[in-house]
Every structure is written in C-alpha cells, then in structure tokens.
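Colleague: Coordinates in run-v3.txt, compact mmCIF, C-alpha atoms and all ligand atoms, are listed below.
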```txt
# COMPACT_ATOMS: atom_id res chain seq x y z
CA MET X 1 186.39 102.55 10.70
CA PRO X 2 188.71 104.99 8.89
CA ASP X 3 192.44 104.55 9.36
CA PRO X 4 193.41 107.18 11.99
CA LEU X 5 196.71 108.02 10.27
CA ALA X 6 195.02 108.55 6.90
CA PHE X 7 192.23 110.53 8.53
CA THR X 8 194.66 112.78 10.41
CA ALA X 9 196.81 113.27 7.32
CA GLN X 10 193.81 114.17 5.15
CA SER X 11 192.44 116.56 7.76
CA LEU X 12 195.78 118.32 8.00
CA ALA X 13 196.08 118.40 4.19
CA ARG X 14 192.63 120.00 3.88
CA ARG X 15 193.92 122.76 6.12
CA GLY X 16 196.99 123.42 4.03
CA ALA X 17 199.58 120.85 5.17
CA LEU X 18 201.91 119.28 2.61
CA LEU X 19 202.28 115.52 2.99
CA GLU X 20 204.80 112.98 1.89
CA ALA X 21 204.48 109.25 2.54
CA GLU X 22 207.73 107.81 3.89
CA ASP X 23 209.07 104.31 4.36
CA GLY X 24 207.71 102.33 7.26
CA GLY X 25 204.21 103.82 6.99
CA GLU X 26 205.26 107.23 8.35
CA VAL X 27 203.99 110.49 6.93
CA LEU X 28 206.09 113.64 6.77
CA ALA X 29 203.86 116.71 7.15
CA LEU X 30 204.78 120.37 6.62
CA LEU X 31 202.24 122.48 8.44
CA PRO X 32 201.35 126.14 7.89
CA PRO X 33 202.43 128.14 10.99
CA GLU X 34 198.86 128.77 12.16
CA LEU X 35 197.93 125.08 11.98
CA SER X 36 201.15 124.07 13.73
CA ARG X 37 200.28 126.42 16.61
CA GLU X 38 196.69 125.22 16.80
CA MET X 39 197.72 121.55 16.90
CA GLY X 40 200.71 122.15 19.15
CA LEU X 41 203.07 120.54 16.64
CA ALA X 42 206.34 121.55 14.97
CA GLU X 43 205.95 122.90 11.43
CA GLU X 44 207.79 119.88 10.12
CA VAL X 45 206.55 116.73 11.75
CA ARG X 46 206.57 112.96 11.19
CA LEU X 47 203.40 111.08 11.91
CA SER X 48 202.61 107.42 12.37
CA ALA X 49 199.87 105.39 13.99
CA VAL X 50 201.98 104.35 16.98
CA GLY X 51 204.60 107.15 17.12
CA GLY X 52 207.88 106.76 18.98
CA GLY X 53 211.04 108.86 19.17
CA ASP X 54 210.29 112.17 17.46
CA VAL X 55 207.50 110.60 15.40
CA VAL X 56 204.11 111.84 16.61
CA ALA X 57 201.43 109.21 17.20
CA CYS X 58 197.96 109.76 15.77
CA GLY X 59 196.29 106.44 16.55
CA LEU X 60 193.01 106.11 18.45
CA GLY X 61 193.05 107.96 21.74
CA THR X 62 196.10 110.12 20.94
CA PRO X 63 195.97 113.87 21.60
CA LEU X 64 196.64 114.66 17.93
CA LEU X 65 193.71 112.58 16.66
CA GLU X 66 191.46 114.15 19.32
CA ALA X 67 192.56 117.63 18.22
CA VAL X 68 191.94 116.83 14.55
CA VAL X 69 188.50 115.35 15.29
CA GLY X 70 187.66 118.38 17.46
CA ALA X 71 188.64 120.77 14.67
CA ALA X 72 186.56 118.80 12.14
CA ARG X 73 183.55 119.03 14.45
CA ARG X 74 183.90 122.80 14.65
CA GLU X 75 183.52 123.06 10.89
CA VAL X 76 179.75 123.32 10.95
CA PRO X 77 178.08 122.33 7.70
CA VAL X 78 175.85 125.17 6.57
CA THR X 79 173.87 124.85 3.39
CA ALA X 80 171.05 126.54 1.52
CA ALA X 81 168.15 124.81 -0.19
CA ARG X 82 164.75 125.38 -1.69
CA MET X 83 161.95 123.16 -0.52
CA LYS X 84 160.54 121.38 -3.53
CA ARG X 85 158.45 118.41 -2.52
CA GLU X 86 156.17 120.02 0.06
CA PRO X 87 153.02 121.44 -1.51
CA SER X 88 152.33 125.13 -0.90
CA PRO X 89 150.00 125.72 2.02
CA LYS X 90 146.41 126.15 0.91
CA ALA X 91 145.13 129.73 0.96
CA GLY X 92 141.70 128.57 2.14
CA TYR X 93 143.20 126.76 5.12
CA ALA X 94 145.35 129.81 5.97
CA ARG X 95 142.28 132.03 5.80
CA SER X 96 140.24 129.80 8.08
CA LEU X 97 143.12 129.68 10.56
CA ALA X 98 143.45 133.48 10.36
CA GLU X 99 139.75 133.96 11.02
CA ARG X 100 140.16 132.00 14.24
CA TYR X 101 143.39 133.79 15.23
CA VAL X 102 143.04 135.22 18.72
CA ILE X 103 144.21 138.64 19.83
CA ARG X 104 143.51 138.24 23.54
CA ASN X 105 142.64 141.86 24.21
CA GLY X 106 141.77 143.19 20.79
CA VAL X 107 140.18 142.36 17.49
CA ALA X 108 141.67 141.11 14.25
CA GLU X 109 140.51 141.31 10.69
CA VAL X 110 141.93 139.44 7.70
CA LEU X 111 143.03 141.87 4.98
CA GLU X 112 144.68 139.57 2.46
CA VAL X 113 145.82 136.00 1.99
CA ALA X 114 148.55 135.32 -0.57
CA GLY X 115 151.01 132.60 -1.49
CA GLY X 116 154.73 133.22 -1.65
CA GLU X 117 158.09 132.11 -0.46
CA ALA X 118 159.92 132.96 2.75
CA THR X 119 163.42 132.34 4.03
CA TYR X 120 163.94 130.40 7.22
CA LEU X 121 167.07 129.43 9.07
CA VAL X 122 166.97 126.00 10.69
CA ALA X 123 169.66 124.89 13.13
CA TRP X 124 170.37 121.48 14.59
CA LEU X 125 171.89 121.82 18.05
CA ALA X 126 173.78 118.89 19.51
CA TYR X 127 173.83 118.79 23.29
CA VAL X 128 175.61 116.75 25.90
CA ALA X 129 174.29 116.90 29.47
CA GLU X 130 176.42 115.20 32.06
CA ALA X 131 176.03 114.62 35.78
CA ASP X 132 176.04 111.09 37.24
CA GLU X 133 174.55 110.04 33.89
CA ARG X 134 175.32 111.23 30.39
CA HIS X 135 172.62 112.25 27.94
CA GLU X 136 173.13 113.43 24.43
CA GLY X 137 170.93 114.30 21.53
CA VAL X 138 170.07 116.72 18.80
CA VAL X 139 167.32 119.29 18.81
CA ALA X 140 166.19 121.36 15.83
CA LEU X 141 165.06 124.96 15.92
CA GLY X 142 163.89 127.20 13.09
CA VAL X 143 163.28 130.91 12.67
CA HIS X 144 161.83 133.14 9.98
CA ALA X 145 165.09 134.75 8.90
CA GLN X 146 163.98 138.40 8.87
CA GLU X 147 161.42 138.60 11.63
CA GLY X 148 162.29 135.78 14.00
CA ALA X 149 158.86 134.14 14.07
CA VAL X 150 159.09 130.47 15.04
CA PRO X 151 157.60 127.80 12.75
CA ASP X 152 156.00 124.68 14.20
CA GLU X 153 157.44 121.16 14.21
CA GLY X 154 155.72 120.13 10.99
CA PHE X 155 157.84 122.64 9.13
CA ILE X 156 161.05 121.45 10.82
CA ALA X 157 160.16 117.87 9.87
CA ALA X 158 159.68 118.97 6.26
CA CYS X 159 163.19 120.48 6.34
CA ASP X 160 164.74 117.21 7.48
CA VAL X 161 167.57 116.69 5.04
CA GLY X 162 167.15 112.94 5.50
CA ALA X 163 164.01 113.11 3.37
CA GLU X 164 165.42 112.41 -0.07
CA GLY X 165 164.27 114.65 -2.88
CA ALA X 166 162.60 117.07 -0.50
CA LEU X 167 165.15 119.83 -1.02
CA ALA X 168 166.81 121.31 -4.08
CA PRO X 169 170.10 123.20 -3.95
CA TRP X 170 169.59 126.92 -3.78
CA PRO X 171 172.52 128.55 -5.49
CA GLU X 172 171.59 132.17 -4.85
CA SER X 173 173.05 133.61 -1.73
CA ALA X 174 170.31 132.96 0.77
CA VAL X 175 171.95 134.42 3.83
CA VAL X 176 169.90 136.96 5.75
CA PRO X 177 172.13 139.01 8.05
CA GLY X 178 171.05 138.90 11.66
CA ALA X 179 169.02 135.68 11.46
CA GLU X 180 171.53 133.95 13.77
CA ARG X 181 170.59 136.43 16.47
CA TRP X 182 167.05 135.06 16.48
CA LEU X 183 168.38 131.53 16.85
CA ALA X 184 170.62 132.60 19.72
CA ARG X 185 167.63 134.27 21.35
CA TYR X 186 165.52 131.11 21.40
CA ALA X 187 168.22 128.45 21.84
CA PRO X 188 168.44 128.60 25.67
CA GLU X 189 164.71 128.06 26.06
CA VAL X 190 164.71 125.15 23.61
CA GLU X 191 167.65 123.64 25.46
CA GLU X 192 165.83 124.02 28.78
CA ARG X 193 162.71 122.40 27.38
CA VAL X 194 164.65 119.42 26.03
CA LEU X 195 166.59 118.96 29.25
CA ARG X 196 163.76 119.51 31.70
CA GLY X 197 163.16 115.79 32.22
CA VAL X 198 166.88 115.11 32.64
CA ARG X 199 167.17 117.94 35.17
CA GLU X 200 164.23 116.69 37.19
CA ALA X 201 165.43 113.09 37.20
CA THR X 202 168.92 114.22 38.24
CA ALA X 203 167.47 116.32 41.07
CA ARG X 204 165.39 113.33 42.23
CA ARG X 205 168.42 111.03 42.32
CA HIS X 206 170.37 113.73 44.16
CA ALA X 207 167.61 114.10 46.77
CA ARG X 208 167.39 110.33 47.21
CA ASP X 209 171.14 109.88 47.70
CA TYR X 210 171.25 112.95 49.95
CA GLU X 211 168.58 111.53 52.23
CA ARG X 212 170.24 108.12 52.37
CA MET X 213 173.60 109.60 53.22
CA ALA X 214 172.20 112.01 55.80
CA ALA X 215 170.26 109.15 57.44
CA TYR X 216 173.36 106.94 57.46
CA TYR X 217 175.45 109.58 59.23
CA ALA X 218 172.61 110.47 61.63
CA ALA X 219 172.60 106.80 62.69
CA MET X 220 176.40 106.80 63.06
CA VAL X 221 176.29 109.95 65.21
CA ALA X 222 173.50 108.51 67.38
CA GLU X 223 175.53 105.35 67.85
CA ALA X 224 178.65 107.37 68.77
CA ARG X 225 176.65 109.30 71.36
CA ALA X 226 175.29 106.12 72.99
CA PRO X 227 178.32 103.84 73.10
CA ARG X 228 177.94 100.28 74.37
CA ARG X 229 181.16 100.64 76.37
CA ARG X 230 182.02 103.58 78.60
CA VAL X 231 183.91 106.17 76.58
CA ASP X 232 185.61 109.37 77.62
CA ALA X 233 183.27 112.33 76.84
CA ALA X 234 185.97 114.28 74.98
CA ALA X 235 186.76 111.24 72.80
CA MET X 236 183.06 110.82 72.07
CA GLU X 237 182.70 114.46 70.99
CA ALA X 238 185.80 114.19 68.82
CA LYS X 239 184.31 111.17 67.09
CA VAL X 240 181.02 113.00 66.50
CA ARG X 241 182.88 116.04 65.10
CA HIS X 242 184.80 113.76 62.79
CA LEU X 243 181.60 112.10 61.58
CA VAL X 244 179.89 115.45 60.97
CA ALA X 245 182.86 116.76 58.98
CA GLU X 246 182.95 113.57 56.93
CA ARG X 247 179.22 113.80 56.27
CA ASP X 248 179.47 117.42 55.12
CA SER X 249 182.31 116.62 52.79
CA LYS X 250 180.43 113.65 51.30
CA LEU X 251 177.29 115.74 50.82
CA ARG X 252 179.35 118.38 49.00
CA ASP X 253 180.79 115.70 46.72
CA LEU X 254 177.26 114.54 46.08
CA ALA X 255 176.16 118.03 45.04
CA ASP X 256 179.06 118.15 42.62
CA ARG X 257 178.25 114.71 41.22
CA PHE X 258 174.65 115.70 40.53
CA THR X 259 175.35 119.11 39.01
CA LEU X 260 174.23 118.91 35.40
CA ARG X 261 176.88 120.25 33.02
CA VAL X 262 175.45 121.08 29.64
CA HIS X 263 177.41 121.65 26.48
CA THR X 264 175.57 122.62 23.29
CA ARG X 265 177.03 123.22 19.87
CA LEU X 266 175.68 123.98 16.45
CA ALA X 267 175.83 120.71 14.50
CA ALA X 268 174.37 121.92 11.19
CA ALA X 269 172.41 124.80 9.74
CA LEU X 270 170.15 125.15 6.72
CA TRP X 271 168.93 128.27 4.98
CA VAL X 272 165.72 127.24 3.35
CA ALA X 273 163.37 128.95 0.93
CA ALA X 274 159.96 127.54 1.72
CA PRO X 275 156.50 128.02 0.19
CA VAL X 276 154.28 129.95 2.60
CA ALA X 277 150.79 131.35 2.81
CA ARG X 278 150.97 134.92 4.10
CA VAL X 279 148.10 136.57 5.86
CA ARG X 280 147.98 140.32 6.35
CA MET X 281 145.90 141.16 9.41
CA ARG X 282 144.63 144.43 10.78
CA VAL X 283 144.58 144.30 14.58
CA ARG X 284 142.86 146.86 16.80
CA ARG X 285 142.97 147.73 20.45
CA ARG X 286 141.07 150.72 21.83
CA LYS X 287 141.64 153.53 19.31
CA GLY X 288 144.85 152.12 17.87
CA SER X 289 145.46 149.74 15.01
CA ARG X 290 148.40 148.10 13.25
CA GLU X 291 149.09 145.45 10.68
CA LEU X 292 150.60 142.07 11.43
CA GLU X 293 151.77 139.46 8.98
CA LEU X 294 151.16 135.81 9.84
CA ARG X 295 152.89 133.06 7.93
CA LEU X 296 152.00 129.43 7.41
CA PRO X 297 155.00 127.63 5.91
CA ALA X 298 154.87 124.28 4.10
CA GLY X 299 154.37 121.36 6.47
CA ALA X 300 153.15 123.54 9.36
CA GLN X 301 149.71 123.14 10.92
CA VAL X 302 149.64 126.55 12.60
CA PHE X 303 151.04 130.02 11.96
CA ASP X 304 154.59 130.81 13.00
CA ARG X 305 154.62 132.04 16.60
CA LEU X 306 155.34 135.77 16.67
CA PRO X 307 158.28 137.06 18.67
CA CYS X 308 157.14 138.84 21.82
CA GLU X 309 158.15 142.49 21.74
CA GLY X 310 158.36 142.60 25.53
CA CYS X 311 160.63 139.61 26.28
CA LEU X 312 162.69 136.92 24.56
CA GLY X 313 159.76 134.54 24.12
CA THR X 314 157.16 133.96 21.42
CA THR X 315 153.41 133.93 21.39
CA GLU X 316 150.59 132.01 19.75
CA ARG X 317 147.83 134.19 21.21
CA PRO X 318 149.20 137.71 21.56
CA ALA X 319 147.90 140.56 23.66
CA LEU X 320 148.53 144.16 22.54
CA CYS X 321 149.70 147.10 24.60
CA ASP X 322 147.61 150.25 24.78
CA GLU X 323 150.11 152.78 23.47
CA ARG X 324 151.82 151.24 20.48
CA LEU X 325 150.06 147.89 20.17
CA HIS X 326 153.23 145.92 20.84
CA VAL X 327 152.80 142.17 20.47
CA LEU X 328 153.09 140.69 23.96
CA CYS X 329 153.20 137.06 25.06
CA GLU X 330 151.25 135.12 27.67
CA THR X 331 154.07 135.55 30.20
CA CYS X 332 154.33 139.33 29.74
CA VAL X 333 150.54 139.73 29.84
CA PRO X 334 149.03 136.77 31.68
CA LEU X 335 145.59 138.39 32.02
CA ALA X 336 143.98 139.95 28.99
CA SER X 337 141.70 142.20 31.03
CA GLY X 338 142.73 145.66 32.20
CA ARG X 339 145.58 147.86 31.09
CA PRO X 340 148.54 145.68 30.11
CA HIS X 341 151.96 146.48 31.46
CA CYS X 342 154.22 146.77 28.39
CA PRO X 343 157.96 146.04 28.83
CA ALA X 344 158.60 147.41 25.31
CA CYS X 345 157.05 150.81 26.14
CA GLY X 346 158.41 150.67 29.70
CA THR X 347 154.98 151.52 31.12
ZN ZN X 401 156.80 138.35 26.49
ZN ZN X 402 154.10 148.82 24.20
```
Would you write the structure of this file as structure tokens?
Modeller:
Amino acid sequence: MPDPLAFTAQSLARRGALLEAEDGGEVLALLPPELSREMGLAEEVRLSAVGGGDVVACGLGTPLLEAVVGAARREVPVTAARMKREPSPKAGYARSLAERYVIRNGVAEVLEVAGGEATYLVAWLAYVAEADERHEGVVALGVHAQEGAVPDEGFIAACDVGAEGALAPWPESAVVPGAERWLARYAPEVEERVLRGVREATARRHARDYERMAAYYAAMVAEARAPRRRVDAAAMEAKVRHLVAERDSKLRDLADRFTLRVHTRLAAALWVAAPVARVRMRVRRRKGSRELELRLPAGAQVFDRLPCEGCLGTTERPALCDERLHVLCETCVPLASGRPHCPACGT
C-alpha cells in the first residue's frame, strides 16, 4: 500500500505544488491558487500523516486524501493504439455474411468487398449501483468513430489492453471529433442492460419486505381492534391511527432503502485503428435505392450494428422507410409488412 503522505504530496506536485520535506516527517507544500481552492487548503500548507495544530492530516480516511484520490480518478486515461495482433477479417467471410444480410422490407445486393482500416472509440465505464446492496463493475462499449455503428463483443475483447502485444502505440492524432456523442448516445442503454438483473433482484427484495411489513402491521391493527381486555373505543382508535402512521412511515423508509442509485463514470478510453472488411451494399425498397456500408472489424463475428436513423438504438436487421430509405430498427418498425412509420421523416 502506498504511503498516503507520499501519495498526496506527489499528486499535489503533479498538479503544480512545490514541496519541501521538513523535520519530523512533515511536508511543506506551496499550492497554485486554483489547486488550493479545489482542495480547500491554504496556499501554503504543512502536511503530515496524522496532522495536528495547523498541520493538515492526509492519512487514510482524511478528507484531503479522499479529495486527492477523487481528483486522480477524474483524470481518465485516454490512449490511441493500432491493433496489430488480430488478423484482418477475411474478405470471403465478409462476403458470405453480406449475402445473408437481411433488409426486412427490401432487397440488398453486394457491390464490393474490400479490406481496410477503421477508427473506433472504445470506452470502459465503471458503475456503482447502490440500494440495500452495493454492486460495482466495469462495462465496455465501442463505436465506429465517424458513423456510430456498434461493433460486437469479439471486437471489444480484441481491444482488451490486458492482452499483451495486441496493440501498438498509434502516434498520429487519432481523435475523431464527435465520436464521444455516439458513446453518450448508447451508454444509458448499455448501463440498463448491465443493471437489469440488479434492478429486478432489488425490486423482488423490496416487494418481499413490503409484504412482510404490511402483514405485520395488519396483524397488529387486527389485534388492537380485538383487545383481550375491555378498552375505551377512542383509545383503541388512537392506537390504530398510531399503528397506521408508523406503518406508512416504515414503508416509505423501505422504498428509500430499495431505490437503486446508479453512478457511472468513464474509467478509460481507447482510440483504436483496427483492420476491417468493408462491404458496400446497394439496398432497394419500392422505387428507391441507396448505398450502405457494412463493416466487419477484427475479432468480430458479425457486422457492426447500424445506428437507427429513427431513434437512439441500433439494428442488426434494418427496415427501410418508403421516402428516403432511412435505416430503422426493430423497435421503430416492429413489422416489416405495410408502410413503415418513419420517425426520421416524421411521417
Ligand atoms: Zn429505431
Ligand atoms: Zn424516413
């Protein structure tokens, strides 16, 4: 475990503080004004593990150490890399996938299959979900940086930075403006998917405790209404009112205890240049036609899911609208027959 004083001192130094070791294991720190405001400290401050007098403590559990750790966590590592170990997807496999690609209410024809490279942005989101229990974990999400198509899990696994030698540094500036917007668009759904089980289990425990508590108070009220000794009617009603109020208050506390509070933050992000097979498709519906590009990145078994042009989702088996052949998902167009309602056209 790192020494909290050294850790705090180094963290402050990285952010521009000047340090001087003093006798007795204290550290004198001169903080830039902005950092002193952020940390709630004087610009000239003495630090030690235990503190005391006007020496600020930064041992385990102290507000200063918490603040420094919090600030370090907000510095999200973002890096760029080129995938080097994964073999390029095979053109023949991409073609056979493309020939089986389904446009639910139209036809598709493969125009061209070619190899290449595409830029993706992969984010690792760390979540904490707390109610009566605490759950935490990390979930990864990737997007094609320009067009927001969503690669499958095989690709994300291939991007795992834990796999040694899989990635090479990518010195060129890889940043594609706007790619973060795609991540932000899909993140809530990914979070919901990951937390669905937790939500359901929390709701079940809530329902169970609710029933138990309601039954307990129902029994108490019944008992109060049928006393073994003779009781004054007004006193009996007062007791029942008291029990009902207590029950309601306890049930409200229960609802609060079982409300899932979710906090998600970006833990790391990777811009990655990946080998892809690209398929140009001509798709037709009624008299209209347009081109779509499908991509199969390294490690993936299926094409990237296309962003729906009618909602915030994605689709594996698109339908097309009549007017402008917008790509629409299974939620926007559940039934492929008939004239599709198109949110993008507003018709
Ligand atoms: Zn949709
Ligand atoms: Zn449309």
Colleague: Using Å and a single decimal, report how far atom CA of Val122 of chain X sits from atom CA of Ala273 of chain X.
Modeller: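 Value for the atom CA of Ala273 of chain X-atom CA of Val122 of chain X distance: 10.8 Å.
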Colleague: Taking only C-alpha atoms and all ligand atoms into account, list the residues no farther than 6 Å from ligand ZN 401 (chain X), as a PyMOL selection string.
Modeller: chain X and resi 308+310-311+313+328-329+331-332
Colleague: Can you work out the spacing between atom CA of Phe303 of chain X and atom CA of Val150 of chain X in Å, to one decimal?
Modeller: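 Taking atom CA of Phe303 of chain X and atom CA of Val150 of chain X, their separation equals 8.6 Å.
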Colleague: Can you pull out every residue within 12 Å of Arg339 of chain X, counting all atoms listed in the file, but drop anything in the same chain fewer than 5 positions away, and send it as a PyMOL selection string?
Modeller: chain X and resi 105-106+285-286+319-323+325+333-334+347
Colleague: Identify, on the basis of only C-alpha atoms, every residue whose closest approach to Leu260 of chain X does not exceed 10 Å; exclude the query and any residue fewer than 5 positions from it along the same chain; express the result as a list in words.
Modeller: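 Neighbouring residues, sequence-local ones excluded: Val128, Ala129, Glu130, Ala131, Asp132, Glu133, Arg134, Leu195, Val198, Arg199, Thr202, Ala203 and Ala255 of chain X.
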Colleague: Please indicate the distance in Å from atom CA of Ala140 of chain X to atom CA of Glu180 of chain X, rounded to one decimal place.
Modeller: 13.8 Å
Colleague: Which of these, X:Gly288, X:Phe258, X:Ala300, X:Arg305, has the shortest distance to ligand ZN 402 (chain X) once you count only C-alpha atoms and all ligand atoms?
Modeller: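 Closest to ligand ZN 402 (chain X), using only C-alpha atoms and all ligand atoms: X:Gly288.
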Colleague: With only C-alpha atoms as the counted atoms, please give the residues lying no more than 10 Å from Gly178 of chain X, apart from itself and same-chain residues fewer than 5 positions off, as a PyMOL selection string.
Modeller: chain X and resi 145-148+183
Colleague: Hey, which of X:Ala336, X:Val327, X:Leu28, X:Met281 ends up closest to ligand ZN 402 (chain X)? Count all atoms listed in the file.
Modeller: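 Closest candidate: X:Val327.
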